[in-house]
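Chemist: I am sharing start_20.pdb, which consists of PDB, C-alpha atoms:
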```
ATOM      1  CA  MET A   1       5.475  -7.514  33.098  1.00  0.00           C
ATOM      2  CA  LEU A   2       6.241  -6.419  29.539  1.00  0.00           C
ATOM      3  CA  LYS A   3       6.098  -2.663  29.028  1.00  0.00           C
ATOM      4  CA  ALA A   4       7.989  -2.001  25.817  1.00  0.00           C
ATOM      5  CA  VAL A   5       6.249  -2.328  22.482  1.00  0.00           C
ATOM      6  CA  SER A   6       7.402  -5.344  20.492  1.00  0.00           C
ATOM      7  CA  ILE A   7       9.544  -4.993  17.384  1.00  0.00           C
ATOM      8  CA  GLU A   8       6.862  -6.800  15.394  1.00  0.00           C
ATOM      9  CA  CYS A   9       4.241  -4.190  16.343  1.00  0.00           C
ATOM     10  CA  ILE A  10       6.612  -1.394  15.411  1.00  0.00           C
ATOM     11  CA  VAL A  11       7.249  -3.031  12.031  1.00  0.00           C
ATOM     12  CA  LEU A  12       3.516  -3.521  11.469  1.00  0.00           C
ATOM     13  CA  CYS A  13       2.906   0.106  12.388  1.00  0.00           C
ATOM     14  CA  PHE A  14       5.507   1.309   9.876  1.00  0.00           C
ATOM     15  CA  ILE A  15       4.055  -0.954   7.168  1.00  0.00           C
ATOM     16  CA  CYS A  16       0.556   0.403   7.842  1.00  0.00           C
ATOM     17  CA  LEU A  17       1.809   3.985   7.764  1.00  0.00           C
ATOM     18  CA  ALA A  18       3.721   3.306   4.539  1.00  0.00           C
ATOM     19  CA  ASP A  19       0.539   1.827   3.091  1.00  0.00           C
ATOM     20  CA  LEU A  20      -1.383   4.922   4.168  1.00  0.00           C
ATOM     21  CA  VAL A  21       1.113   7.361   2.665  1.00  0.00           C
ATOM     22  CA  SER A  22       1.605   5.408  -0.552  1.00  0.00           C
ATOM     23  CA  THR A  23      -2.145   4.998  -1.020  1.00  0.00           C
ATOM     24  CA  ILE A  24      -2.708   8.722  -0.663  1.00  0.00           C
ATOM     25  CA  PHE A  25       0.155   9.441  -3.083  1.00  0.00           C
ATOM     26  CA  LEU A  26      -0.902   6.859  -5.686  1.00  0.00           C
ATOM     27  CA  VAL A  27      -4.571   7.838  -5.571  1.00  0.00           C
ATOM     28  CA  SER A  28      -3.862  11.566  -5.618  1.00  0.00           C
ATOM     29  CA  TYR A  29      -1.044  11.790  -8.142  1.00  0.00           C
ATOM     30  CA  ARG A  30      -0.943   8.570 -10.159  1.00  0.00           C
ATOM     31  CA  ASP A  31      -4.642   7.974 -10.860  1.00  0.00           C
ATOM     32  CA  CYS A  32      -4.620   4.635  -9.023  1.00  0.00           C
ATOM     33  CA  GLU A  33      -7.399   2.932  -7.081  1.00  0.00           C
ATOM     34  CA  GLU A  34      -7.837   1.887  -3.471  1.00  0.00           C
ATOM     35  CA  GLY A  35      -8.128  -1.895  -3.442  1.00  0.00           C
ATOM     36  CA  ASN A  36     -10.054  -2.241  -0.182  1.00  0.00           C
ATOM     37  CA  PRO A  37     -13.770  -1.473  -0.727  1.00  0.00           C
ATOM     38  CA  LEU A  38     -14.223  -0.324   2.884  1.00  0.00           C
ATOM     39  CA  MET A  39     -11.267   2.059   2.701  1.00  0.00           C
ATOM     40  CA  ASN A  40     -12.412   3.193  -0.745  1.00  0.00           C
ATOM     41  CA  TYR A  41     -15.686   4.251   0.889  1.00  0.00           C
ATOM     42  CA  TYR A  42     -13.794   6.422   3.391  1.00  0.00           C
ATOM     43  CA  LEU A  43     -11.485   7.762   0.696  1.00  0.00           C
ATOM     44  CA  ALA A  44     -14.507   8.879  -1.337  1.00  0.00           C
ATOM     45  CA  HIS A  45     -15.520  11.182   1.524  1.00  0.00           C
ATOM     46  CA  ARG A  46     -12.233  12.999   2.169  1.00  0.00           C
ATOM     47  CA  ILE A  47      -8.562  12.258   2.758  1.00  0.00           C
ATOM     48  CA  ALA A  48      -8.902  13.242   6.436  1.00  0.00           C
ATOM     49  CA  VAL A  49     -11.709  10.702   6.925  1.00  0.00           C
ATOM     50  CA  PHE A  50      -9.594   8.085   5.163  1.00  0.00           C
ATOM     51  CA  ILE A  51      -6.597   8.802   7.427  1.00  0.00           C
ATOM     52  CA  ILE A  52      -8.682   8.618  10.612  1.00  0.00           C
ATOM     53  CA  ALA A  53     -10.303   5.350   9.512  1.00  0.00           C
ATOM     54  CA  LYS A  54      -6.996   3.798   8.459  1.00  0.00           C
ATOM     55  CA  VAL A  55      -5.206   4.725  11.685  1.00  0.00           C
ATOM     56  CA  THR A  56      -8.119   3.499  13.790  1.00  0.00           C
ATOM     57  CA  LEU A  57      -8.376   0.236  11.894  1.00  0.00           C
ATOM     58  CA  PHE A  58      -4.706  -0.593  12.381  1.00  0.00           C
ATOM     59  CA  ALA A  59      -4.154   0.869  15.856  1.00  0.00           C
ATOM     60  CA  PHE A  60      -6.809  -1.285  17.498  1.00  0.00           C
ATOM     61  CA  PRO A  61      -5.395  -4.627  16.228  1.00  0.00           C
ATOM     62  CA  LEU A  62      -1.895  -3.530  17.260  1.00  0.00           C
ATOM     63  CA  TYR A  63      -3.224  -2.847  20.744  1.00  0.00           C
ATOM     64  CA  ILE A  64      -4.782  -6.326  20.830  1.00  0.00           C
ATOM     65  CA  ILE A  65      -1.456  -7.890  19.777  1.00  0.00           C
ATOM     66  CA  GLU A  66       0.348  -6.068  22.574  1.00  0.00           C
ATOM     67  CA  TRP A  67      -2.351  -7.073  25.040  1.00  0.00           C
ATOM     68  CA  ALA A  68      -2.101 -10.736  23.952  1.00  0.00           C
ATOM     69  CA  ARG A  69       1.682 -10.590  24.283  1.00  0.00           C
ATOM     70  CA  ARG A  70       1.317 -10.320  28.068  1.00  0.00           C
ATOM     71  CA  SER A  71      -0.174 -13.780  28.440  1.00  0.00           C
ATOM     72  CA  ARG A  72       1.152 -15.580  25.344  1.00  0.00           C
ATOM     73  CA  PRO A  73       4.329 -13.874  24.132  1.00  0.00           C
ATOM     74  CA  VAL A  74       5.466 -16.658  21.794  1.00  0.00           C
ATOM     75  CA  PHE A  75       2.086 -16.914  20.078  1.00  0.00           C
ATOM     76  CA  ALA A  76       1.797 -13.132  19.780  1.00  0.00           C
ATOM     77  CA  LYS A  77       5.259 -12.927  18.214  1.00  0.00           C
ATOM     78  CA  MET A  78       4.512 -15.689  15.688  1.00  0.00           C
ATOM     79  CA  ALA A  79       1.107 -14.202  14.849  1.00  0.00           C
ATOM     80  CA  SER A  80       2.646 -10.740  14.419  1.00  0.00           C
ATOM     81  CA  ARG A  81       5.296 -12.084  12.060  1.00  0.00           C
ATOM     82  CA  ALA A  82       2.646 -13.909  10.042  1.00  0.00           C
ATOM     83  CA  CYS A  83       0.651 -10.661   9.847  1.00  0.00           C
ATOM     84  CA  ILE A  84       3.724  -8.813   8.581  1.00  0.00           C
ATOM     85  CA  LEU A  85       4.243 -11.325   5.778  1.00  0.00           C
ATOM     86  CA  LEU A  86       0.562 -11.483   4.853  1.00  0.00           C
ATOM     87  CA  TYR A  87       0.184  -7.697   4.870  1.00  0.00           C
ATOM     88  CA  LEU A  88       3.197  -7.213   2.610  1.00  0.00           C
ATOM     89  CA  PHE A  89       2.015  -9.941   0.233  1.00  0.00           C
ATOM     90  CA  ALA A  90      -1.535  -8.558   0.113  1.00  0.00           C
ATOM     91  CA  TYR A  91      -0.340  -4.990  -0.401  1.00  0.00           C
ATOM     92  CA  VAL A  92       2.118  -5.768  -3.179  1.00  0.00           C
ATOM     93  CA  SER A  93      -0.210  -8.147  -5.023  1.00  0.00           C
ATOM     94  CA  THR A  94      -3.132  -5.703  -4.795  1.00  0.00           C
ATOM     95  CA  VAL A  95      -1.101  -2.760  -6.065  1.00  0.00           C
ATOM     96  CA  ILE A  96       0.223  -4.795  -8.959  1.00  0.00           C
ATOM     97  CA  SER A  97      -3.098  -6.350  -9.951  1.00  0.00           C
ATOM     98  CA  LEU A  98      -5.260  -3.229  -9.604  1.00  0.00           C
ATOM     99  CA  ASN A  99      -2.914  -0.756 -11.176  1.00  0.00           C
ATOM    100  CA  GLN A 100      -1.084  -3.020 -13.601  1.00  0.00           C
ATOM    101  CA  LEU A 101       2.321  -1.659 -12.663  1.00  0.00           C
ATOM    102  CA  THR A 102       4.062  -4.598 -14.281  1.00  0.00           C
ATOM    103  CA  ALA A 103       2.107  -4.599 -17.541  1.00  0.00           C
ATOM    104  CA  ALA A 104       4.157  -4.259 -20.699  1.00  0.00           C
ATOM    105  CA  PRO A 105       3.345  -1.238 -22.854  1.00  0.00           C
ATOM    106  CA  ASN A 106       0.976  -1.808 -25.735  1.00  0.00           C
ATOM    107  CA  MET A 107       3.264  -1.858 -28.778  1.00  0.00           C
ATOM    108  CA  GLU A 108       0.424  -0.929 -31.153  1.00  0.00           C
ATOM    109  CA  THR A 109       0.043   2.345 -29.276  1.00  0.00           C
ATOM    110  CA  VAL A 110       3.778   2.953 -29.185  1.00  0.00           C
ATOM    111  CA  TYR A 111       4.188   2.440 -32.952  1.00  0.00           C
ATOM    112  CA  ALA A 112       0.849   3.940 -34.056  1.00  0.00           C
ATOM    113  CA  GLN A 113       2.458   7.170 -35.191  1.00  0.00           C
ATOM    114  CA  PRO A 114       5.243   7.291 -37.749  1.00  0.00           C
ATOM    115  CA  PRO A 115       8.642   8.030 -36.302  1.00  0.00           C
ATOM    116  CA  VAL A 116       9.701  11.638 -36.248  1.00  0.00           C
ATOM    117  CA  THR A 117      12.767  12.250 -38.382  1.00  0.00           C
ATOM    118  CA  ALA A 118      15.133  15.072 -37.791  1.00  0.00           C
ATOM    119  CA  SER A 119      15.950  17.144 -40.796  1.00  0.00           C
ATOM    120  CA  MET A 120      19.007  19.340 -41.019  1.00  0.00           C
ATOM    121  CA  GLY A 121      17.752  21.067 -44.178  1.00  0.00           C
ATOM    122  CA  LEU A 122      19.494  18.610 -46.478  1.00  0.00           C
ATOM    123  CA  ASP A 123      16.257  17.396 -48.070  1.00  0.00           C
ATOM    124  CA  LYS A 124      15.625  20.677 -49.951  1.00  0.00           C
TER
END
```
I'd like the structure from this file rewritten - as structure tokens, please.

Modeler:
Amino acid sequence: MLKAVSIECIVLCFICLADLVSTIFLVSYRDCEEGNPLMNYYLAHRIAVFIIAKVTLFAFPLYIIEWARRSRPVFAKMASRACILLYLFAYVSTVISLNQLTAAPNMETVYAQPPVTASMGLDK
């Protein structure tokens, strides 16, 4: 009988925790948005409620993966690896699309003010 937790579940757990920490940081300090409407609901209440909901919503599926690994280890491993790839893709694409981290700066805004020139007193 398998007793140790699979590497895939450990990786998924770290990804979920990284998502949790980065979401709290980006929302708190970078004026970003939570992309998941359900998690945004919990985040609107308090950070502690958000953390409890997030941990609960990823701990239960990880438990199911480990439970399924007992009877179908190959399927559970393949499904876990697919979840890792899908989670990373969804996270990165959501962060980029919602918060426009890759958007080029608006050049009209950058050049709206005349450049500041340094004067060493030679113009008098």

Chemist: What do you get, as a PDB file with C-alpha atoms, keeping the file's coordinate frame, if you spell out every residue that the PyMOL selection byres ((chain A and resi 81) around 12) selects here?

Modeler:
```
ATOM      1  CA  SER A   6       7.402  -5.344  20.492  1.00  0.00           C
ATOM      2  CA  ILE A   7       9.544  -4.993  17.384  1.00  0.00           C
ATOM      3  CA  GLU A   8       6.862  -6.800  15.394  1.00  0.00           C
ATOM      4  CA  CYS A   9       4.241  -4.190  16.343  1.00  0.00           C
ATOM      5  CA  ILE A  10       6.612  -1.394  15.411  1.00  0.00           C
ATOM      6  CA  VAL A  11       7.249  -3.031  12.031  1.00  0.00           C
ATOM      7  CA  LEU A  12       3.516  -3.521  11.469  1.00  0.00           C
ATOM      8  CA  ILE A  65      -1.456  -7.890  19.777  1.00  0.00           C
ATOM      9  CA  VAL A  74       5.466 -16.658  21.794  1.00  0.00           C
ATOM     10  CA  PHE A  75       2.086 -16.914  20.078  1.00  0.00           C
ATOM     11  CA  ALA A  76       1.797 -13.132  19.780  1.00  0.00           C
ATOM     12  CA  LYS A  77       5.259 -12.927  18.214  1.00  0.00           C
ATOM     13  CA  MET A  78       4.512 -15.689  15.688  1.00  0.00           C
ATOM     14  CA  ALA A  79       1.107 -14.202  14.849  1.00  0.00           C
ATOM     15  CA  SER A  80       2.646 -10.740  14.419  1.00  0.00           C
ATOM     16  CA  ALA A  82       2.646 -13.909  10.042  1.00  0.00           C
ATOM     17  CA  CYS A  83       0.651 -10.661   9.847  1.00  0.00           C
ATOM     18  CA  ILE A  84       3.724  -8.813   8.581  1.00  0.00           C
ATOM     19  CA  LEU A  85       4.243 -11.325   5.778  1.00  0.00           C
ATOM     20  CA  LEU A  86       0.562 -11.483   4.853  1.00  0.00           C
ATOM     21  CA  TYR A  87       0.184  -7.697   4.870  1.00  0.00           C
ATOM     22  CA  LEU A  88       3.197  -7.213   2.610  1.00  0.00           C
TER      23      LEU A  88
END
```

Chemist: Between CA of His45 in chain A and CA of Phe89 in chain A, what is the distance, to one decimal in Å?

Modeler: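 It comes out at 27.5 Å.
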
Chemist: In Å, with one decimal, what is the gap from CA of Tyr91 in chain A to CA of Arg72 in chain A?

Modeler: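 According to the coordinates, CA of Tyr91 in chain A and CA of Arg72 in chain A are separated by 27.9 Å.
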
Chemist: Hey, can you check how far CA of Val5 in chain A sits from CA of Ser22 in chain A?

Modeler: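 According to the coordinates, CA of Val5 in chain A and CA of Ser22 in chain A are separated by 24.7 Å.
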
Chemist: Would you compute, for all listed atoms of range 33-49 of chain A, the axis-aligned bounding box grown by 8 Å on each side, and then report its centre and edge lengths in Å rounded to one decimal, as JSON?

Modeler:
```
{"center_x": -11.5, "center_y": 5.5, "center_z": -0.1, "size_x": 24.3, "size_y": 31.5, "size_z": 30.0}
```

Chemist: When the PyMOL selection byres ((chain A and resi 26-41) around 9) is applied to the structure above, which residues does it catch, written out as a compact mmCIF listing (two decimals) with C-alpha atoms, in the frame of the given file?

Modeler:
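As written to disk, part_33.txt reads:
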```
# COMPACT_ATOMS: atom_id res chain seq x y z
CA VAL A 21 1.11 7.36 2.66
CA SER A 22 1.60 5.41 -0.55
CA THR A 23 -2.14 5.00 -1.02
CA ILE A 24 -2.71 8.72 -0.66
CA PHE A 25 0.16 9.44 -3.08
CA TYR A 42 -13.79 6.42 3.39
CA LEU A 43 -11.48 7.76 0.70
CA ALA A 44 -14.51 8.88 -1.34
CA HIS A 45 -15.52 11.18 1.52
CA PHE A 50 -9.59 8.09 5.16
CA ALA A 53 -10.30 5.35 9.51
CA LYS A 54 -7.00 3.80 8.46
CA TYR A 91 -0.34 -4.99 -0.40
CA THR A 94 -3.13 -5.70 -4.80
CA VAL A 95 -1.10 -2.76 -6.06
CA LEU A 98 -5.26 -3.23 -9.60
CA ASN A 99 -2.91 -0.76 -11.18
```

Chemist: Here is a test: counting all atoms listed in the file, which residue of A:Asp19, A:Ala4, A:Arg69, A:Ala90 is nearest to Val55 in chain A?

Modeler: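 Answer, going by the shortest atom-to-atom distance: A:Asp19.
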
Chemist: A:Lys3, A:Ile51, A:Ser71, A:Glu66: which is nearest Leu20 in chain A, counting only C-alpha atoms?

Modeler: A:Ile51
